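Here's final_30.cif, which has mmCIF, C-alpha atoms:
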```cif
data_entry
#
loop_
_atom_site.group_PDB
_atom_site.id
_atom_site.type_symbol
_atom_site.label_atom_id
_atom_site.label_comp_id
_atom_site.auth_asym_id
_atom_site.auth_seq_id
_atom_site.Cartn_x
_atom_site.Cartn_y
_atom_site.Cartn_z
ATOM 1 C CA MET L 1 32.721 -8.634 11.259
ATOM 2 C CA PRO L 2 29.921 -6.217 10.332
ATOM 3 C CA THR L 3 30.736 -2.548 10.295
ATOM 4 C CA PRO L 4 28.749 -0.073 12.406
ATOM 5 C CA LEU L 5 27.211 1.351 9.202
ATOM 6 C CA LYS L 6 25.977 -2.076 8.104
ATOM 7 C CA GLU L 7 24.597 -2.748 11.582
ATOM 8 C CA GLN L 8 22.746 0.583 11.465
ATOM 9 C CA ILE L 9 21.305 -0.196 7.992
ATOM 10 C CA LEU L 10 20.213 -3.635 9.202
ATOM 11 C CA LYS L 11 18.581 -2.188 12.324
ATOM 12 C CA ASP L 12 16.835 0.533 10.300
ATOM 13 C CA THR L 13 15.538 -1.981 7.748
ATOM 14 C CA ARG L 14 14.249 -4.297 10.483
ATOM 15 C CA GLU L 15 12.427 -1.407 12.150
ATOM 16 C CA ARG L 16 10.867 -0.258 8.869
ATOM 17 C CA LEU L 17 9.621 -3.780 8.141
ATOM 18 C CA GLU L 18 7.956 -4.042 11.558
ATOM 19 C CA GLY L 19 4.228 -4.631 11.111
ATOM 20 C CA VAL L 20 4.372 -4.600 7.301
ATOM 21 C CA ARG L 21 2.083 -7.204 5.698
ATOM 22 C CA GLY L 22 3.490 -6.980 2.176
ATOM 23 C CA VAL L 23 7.041 -6.776 0.804
ATOM 24 C CA TYR L 24 7.921 -6.403 -2.890
ATOM 25 C CA LEU L 25 11.336 -7.040 -4.417
ATOM 26 C CA THR L 26 12.199 -5.161 -7.600
ATOM 27 C CA ASP L 27 15.089 -4.955 -10.003
ATOM 28 C CA LEU L 28 15.907 -1.267 -10.411
ATOM 29 C CA SER L 29 18.923 -1.855 -12.673
ATOM 30 C CA GLY L 30 18.960 0.045 -15.929
ATOM 31 C CA MET L 31 16.824 2.868 -14.556
ATOM 32 C CA THR L 32 18.097 6.421 -14.734
ATOM 33 C CA VAL L 33 18.379 8.516 -11.602
ATOM 34 C CA GLU L 34 15.456 10.636 -12.833
ATOM 35 C CA LYS L 35 13.192 7.606 -13.228
ATOM 36 C CA VAL L 36 14.130 6.188 -9.842
ATOM 37 C CA SER L 37 13.449 9.611 -8.309
ATOM 38 C CA LEU L 38 10.070 9.744 -10.071
ATOM 39 C CA LEU L 39 9.214 6.261 -8.786
ATOM 40 C CA ARG L 40 10.231 7.230 -5.258
ATOM 41 C CA ARG L 41 8.119 10.409 -5.481
ATOM 42 C CA ARG L 42 5.020 8.457 -6.622
ATOM 43 C CA CYS L 43 5.548 5.950 -3.838
ATOM 44 C CA ARG L 44 6.090 8.645 -1.223
ATOM 45 C CA GLU L 45 2.753 10.266 -2.192
ATOM 46 C CA GLN L 46 1.046 7.001 -1.162
ATOM 47 C CA SER L 47 3.150 6.462 2.008
ATOM 48 C CA ILE L 48 5.079 3.658 0.299
ATOM 49 C CA GLN L 49 8.743 3.185 1.079
ATOM 50 C CA VAL L 50 11.375 2.293 -1.513
ATOM 51 C CA ARG L 51 14.767 1.193 -0.253
ATOM 52 C CA VAL L 52 17.874 -0.217 -1.849
ATOM 53 C CA VAL L 53 19.782 -2.415 0.568
ATOM 54 C CA LYS L 54 22.558 -4.916 -0.010
ATOM 55 C CA ASN L 55 21.108 -8.377 -0.532
ATOM 56 C CA THR L 56 22.947 -9.903 2.428
ATOM 57 C CA LEU L 57 21.617 -7.237 4.795
ATOM 58 C CA LEU L 58 18.145 -7.441 3.300
ATOM 59 C CA LYS L 59 18.142 -11.218 3.698
ATOM 60 C CA ARG L 60 19.044 -10.880 7.359
ATOM 61 C CA ALA L 61 16.339 -8.252 7.930
ATOM 62 C CA LEU L 62 13.670 -10.316 6.156
ATOM 63 C CA ASN L 63 14.701 -13.496 7.971
ATOM 64 C CA ALA L 64 14.425 -11.631 11.279
ATOM 65 C CA HIS L 65 10.732 -11.121 10.416
ATOM 66 C CA GLY L 66 10.272 -14.764 9.446
ATOM 67 C CA ILE L 67 10.340 -14.203 5.687
ATOM 68 C CA GLN L 68 12.656 -16.792 4.111
ATOM 69 C CA VAL L 69 10.747 -17.440 0.858
ATOM 70 C CA LEU L 70 12.288 -14.355 -0.775
ATOM 71 C CA ASP L 71 15.882 -15.546 -0.254
ATOM 72 C CA GLU L 72 16.124 -17.057 -3.747
ATOM 73 C CA PHE L 73 15.128 -13.698 -5.318
ATOM 74 C CA LEU L 74 17.877 -11.754 -3.562
ATOM 75 C CA THR L 75 20.290 -11.756 -6.475
ATOM 76 C CA GLY L 76 21.523 -8.814 -8.465
ATOM 77 C CA PRO L 77 20.447 -5.239 -7.767
ATOM 78 C CA THR L 78 17.401 -5.395 -5.520
ATOM 79 C CA GLY L 79 15.050 -2.720 -4.293
ATOM 80 C CA ILE L 80 12.526 -3.371 -1.558
ATOM 81 C CA VAL L 81 9.126 -1.683 -1.700
ATOM 82 C CA PHE L 82 6.557 -1.822 1.090
ATOM 83 C CA SER L 83 3.722 0.103 2.665
ATOM 84 C CA PRO L 84 2.873 0.159 6.353
ATOM 85 C CA LYS L 85 -0.762 1.063 5.488
ATOM 86 C CA ASP L 86 -1.929 -1.023 2.508
ATOM 87 C CA GLU L 87 -0.045 -3.984 1.065
ATOM 88 C CA MET L 88 -1.835 -3.816 -2.308
ATOM 89 C CA VAL L 89 -0.999 -0.222 -3.288
ATOM 90 C CA PRO L 90 2.681 -0.931 -4.096
ATOM 91 C CA ALA L 91 1.615 -3.579 -6.647
ATOM 92 C CA LYS L 92 -0.479 -1.042 -8.517
ATOM 93 C CA ILE L 93 2.144 1.692 -8.437
ATOM 94 C CA LEU L 94 4.979 -0.618 -9.501
ATOM 95 C CA SER L 95 2.904 -2.193 -12.293
ATOM 96 C CA ASP L 96 1.679 1.164 -13.599
ATOM 97 C CA PHE L 97 5.185 2.605 -13.483
ATOM 98 C CA ALA L 98 6.621 -0.428 -15.288
ATOM 99 C CA LYS L 99 3.977 -0.076 -18.030
ATOM 100 C CA GLU L 100 4.912 3.575 -18.540
ATOM 101 C CA HIS L 101 8.696 3.234 -18.319
ATOM 102 C CA GLU L 102 9.374 -0.492 -18.967
ATOM 103 C CA LYS L 103 11.121 -0.712 -15.597
ATOM 104 C CA PRO L 104 11.383 -1.684 -12.749
ATOM 105 C CA ARG L 105 10.984 -5.417 -13.060
ATOM 106 C CA ILE L 106 9.116 -6.898 -10.126
ATOM 107 C CA LYS L 107 10.940 -9.993 -8.901
ATOM 108 C CA ALA L 108 8.541 -11.319 -6.266
ATOM 109 C CA ALA L 109 6.465 -10.349 -3.263
ATOM 110 C CA VAL L 110 5.255 -11.737 0.014
ATOM 111 C CA LEU L 111 1.763 -10.669 1.057
ATOM 112 C CA ASP L 112 0.353 -11.946 4.334
ATOM 113 C CA GLY L 113 2.991 -14.691 4.343
ATOM 114 C CA LYS L 114 2.272 -15.936 0.796
ATOM 115 C CA LEU L 115 4.770 -15.780 -2.058
ATOM 116 C CA PHE L 116 3.700 -14.142 -5.341
ATOM 117 C CA ASP L 117 5.698 -14.070 -8.572
ATOM 118 C CA ASP L 118 5.737 -11.189 -11.062
ATOM 119 C CA LYS L 119 2.749 -12.530 -13.048
ATOM 120 C CA ALA L 120 0.598 -12.905 -9.937
ATOM 121 C CA ILE L 121 1.572 -9.407 -8.830
ATOM 122 C CA ALA L 122 0.470 -8.006 -12.196
ATOM 123 C CA LYS L 123 -2.936 -9.617 -11.623
ATOM 124 C CA LEU L 124 -3.067 -8.283 -8.059
ATOM 125 C CA ALA L 125 -2.418 -4.782 -9.363
ATOM 126 C CA THR L 126 -5.677 -4.883 -11.321
ATOM 127 C CA LEU L 127 -7.748 -5.714 -8.232
ATOM 128 C CA PRO L 128 -9.367 -2.913 -6.243
ATOM 129 C CA SER L 129 -7.793 -1.961 -2.942
ATOM 130 C CA ARG L 130 -9.325 -2.885 0.400
ATOM 131 C CA ALA L 131 -10.508 0.701 0.882
ATOM 132 C CA GLN L 132 -12.308 0.643 -2.473
ATOM 133 C CA LEU L 133 -13.962 -2.677 -1.643
ATOM 134 C CA LEU L 134 -14.984 -1.433 1.765
ATOM 135 C CA ALA L 135 -16.471 1.731 0.259
ATOM 136 C CA THR L 136 -18.416 -0.386 -2.240
ATOM 137 C CA PHE L 137 -19.910 -2.463 0.568
ATOM 138 C CA ILE L 138 -20.601 0.476 2.869
ATOM 139 C CA ALA L 139 -22.215 2.840 0.320
ATOM 140 C CA PRO L 140 -25.575 1.018 0.049
ATOM 141 C CA MET L 141 -25.828 0.704 3.825
ATOM 142 C CA SER L 142 -25.043 4.411 4.255
ATOM 143 C CA GLN L 143 -27.763 5.320 1.766
ATOM 144 C CA PHE L 144 -30.230 2.999 3.509
ATOM 145 C CA LEU L 145 -29.458 4.510 6.901
ATOM 146 C CA ALA L 146 -29.816 8.029 5.490
ATOM 147 C CA ALA L 147 -33.243 7.102 4.104
ATOM 148 C CA ILE L 148 -34.349 5.677 7.462
ATOM 149 C CA ASP L 149 -33.022 8.760 9.240
ATOM 150 C CA ALA L 150 -34.947 11.033 6.868
ATOM 151 C CA THR L 151 -38.109 8.989 7.385
ATOM 152 C CA LEU L 152 -37.769 9.203 11.152
ATOM 153 C CA ARG L 153 -37.192 12.958 11.022
ATOM 154 C CA LEU L 154 -40.213 13.588 8.786
ATOM 155 C CA PRO L 155 -42.876 13.659 11.540
ATOM 156 C CA ALA L 156 -40.790 16.069 13.628
ATOM 157 C CA THR L 157 -40.192 18.291 10.608
ATOM 158 C CA MET L 158 -43.890 18.261 9.730
ATOM 159 C CA ALA L 159 -44.807 19.166 13.318
ATOM 160 C CA ASP L 160 -42.403 22.132 13.194
ATOM 161 C CA VAL L 161 -43.884 23.325 9.892
ATOM 162 C CA LEU L 162 -47.459 23.029 11.231
ATOM 163 C CA GLU L 163 -46.467 24.920 14.392
ATOM 164 C CA ARG L 164 -44.957 27.774 12.317
ATOM 165 C CA GLU L 165 -48.047 27.883 10.117
ATOM 166 C CA LYS L 166 -50.284 28.136 13.210
ATOM 167 C CA GLN L 167 -48.143 30.963 14.566
ATOM 168 C CA LYS L 168 -48.342 32.855 11.264
ATOM 169 C CA ALA L 169 -52.123 32.415 11.136
ATOM 170 C CA SER L 170 -52.513 33.740 14.667
#
```

Once more with this new file: its structure as structure tokens, please.
Amino acid sequence: MPTPLKEQILKDTRERLEGVRGVYLTDLSGMTVEKVSLLRRRCREQSIQVRVVKNTLLKRALNAHGIQVLDEFLTGPTGIVFSPKDEMVPAKILSDFAKEHEKPRIKAAVLDGKLFDDKAIAKLATLPSRAQLLATFIAPMSQFLAAIDATLRLPATMADVLEREKQKAS
């Protein structure tokens, strides 16, 4: 029989996972409290959540959202990392942090319903985020539109200048 505390943790975890498109499982064992706090701080700056939940409760919460492919990775100490805004940012933060501190070890992830292992996640971390890609595509169009806008404003600007010159000459 689940205790009220476990039921509350399960409910909270389910609510936090609502609408999330990417979930990362990490092994935080062997990390000092200071390093875990530093990781949490870096994640918090990017609106990424880091939680440590018992595997049985985490399995139930993930299964409630239709994610069963991570069940085999729910062994040993497990941390769950996810972002409600961008599913790619946690990969970069976790990979960069692991390069600096040799931990945490990324177990697996599910992004848009697809399972990724630690090697695939390392490759994902090197890819630009959606916002960066979008900015790359939008920048040339913005410059083009600014040029057209300037061209369309030129006759009106020239008319204003000529009008002022006529008024000064009068």

Next item on the list: Please evaluate the PyMOL selection byres ((chain L and resi 84) around 9) against the displayed coordinates and give the resulting residues as a VMD selection string.
Entry: chain L and resid 16 to 22 47 to 49 82 to 83 85 to 87

Next, write the just-selected residues to a file, as a tab-separated table (two decimals), in the frame of the given file, keeping C-alpha atoms as the atom set.
```
chain	number	residue	atom	x	y	z
L	16	ARG	CA	10.87	-0.26	8.87
L	17	LEU	CA	9.62	-3.78	8.14
L	18	GLU	CA	7.96	-4.04	11.56
L	19	GLY	CA	4.23	-4.63	11.11
L	20	VAL	CA	4.37	-4.60	7.30
L	21	ARG	CA	2.08	-7.20	5.70
L	22	GLY	CA	3.49	-6.98	2.18
L	47	SER	CA	3.15	6.46	2.01
L	48	ILE	CA	5.08	3.66	0.30
L	49	GLN	CA	8.74	3.18	1.08
L	82	PHE	CA	6.56	-1.82	1.09
L	83	SER	CA	3.72	0.10	2.66
L	85	LYS	CA	-0.76	1.06	5.49
L	86	ASP	CA	-1.93	-1.02	2.51
L	87	GLU	CA	-0.04	-3.98	1.06
```

Notebook entry, point to check: the PyMOL selection byres ((chain L and resi 26-32) around 8) on the file shown: which residues, as a PyMOL selection string?
Noted result: chain L and resi 24-25+33-36+76-81+103-108

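The interatomic distance for the pair CA of Thr151 (chain L) and CA of Thr136 (chain L) works out to 23.8 Å.
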
Next item on the list: Rank nothing, just name the residue among L:Val53, L:Met141, L:Ala156, L:Ala91 nearest to Lys119 (chain L), using only C-alpha atoms.
Entry: L:Ala91

Next item on the list: Rank nothing, just name the residue among L:Leu154, L:Ala122, L:Ala135, L:Leu111 nearest to Ala98 (chain L), using only C-alpha atoms.
Entry: L:Ala122

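As for CA of Val69 (chain L) and CA of Arg44 (chain L), they are spaced 26.6 Å apart.
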
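Taking only C-alpha atoms into account, His65 (chain L) lies nearest to L:Val110 out of the set L:Ile93, L:Val110, L:Leu39, L:Val50.
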
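The smallest atom-to-atom distance between Ser95 (chain L) and any of L:Leu57, L:Ala125, L:Ile138, L:Val52, using only C-alpha atoms, is found for L:Ala125.
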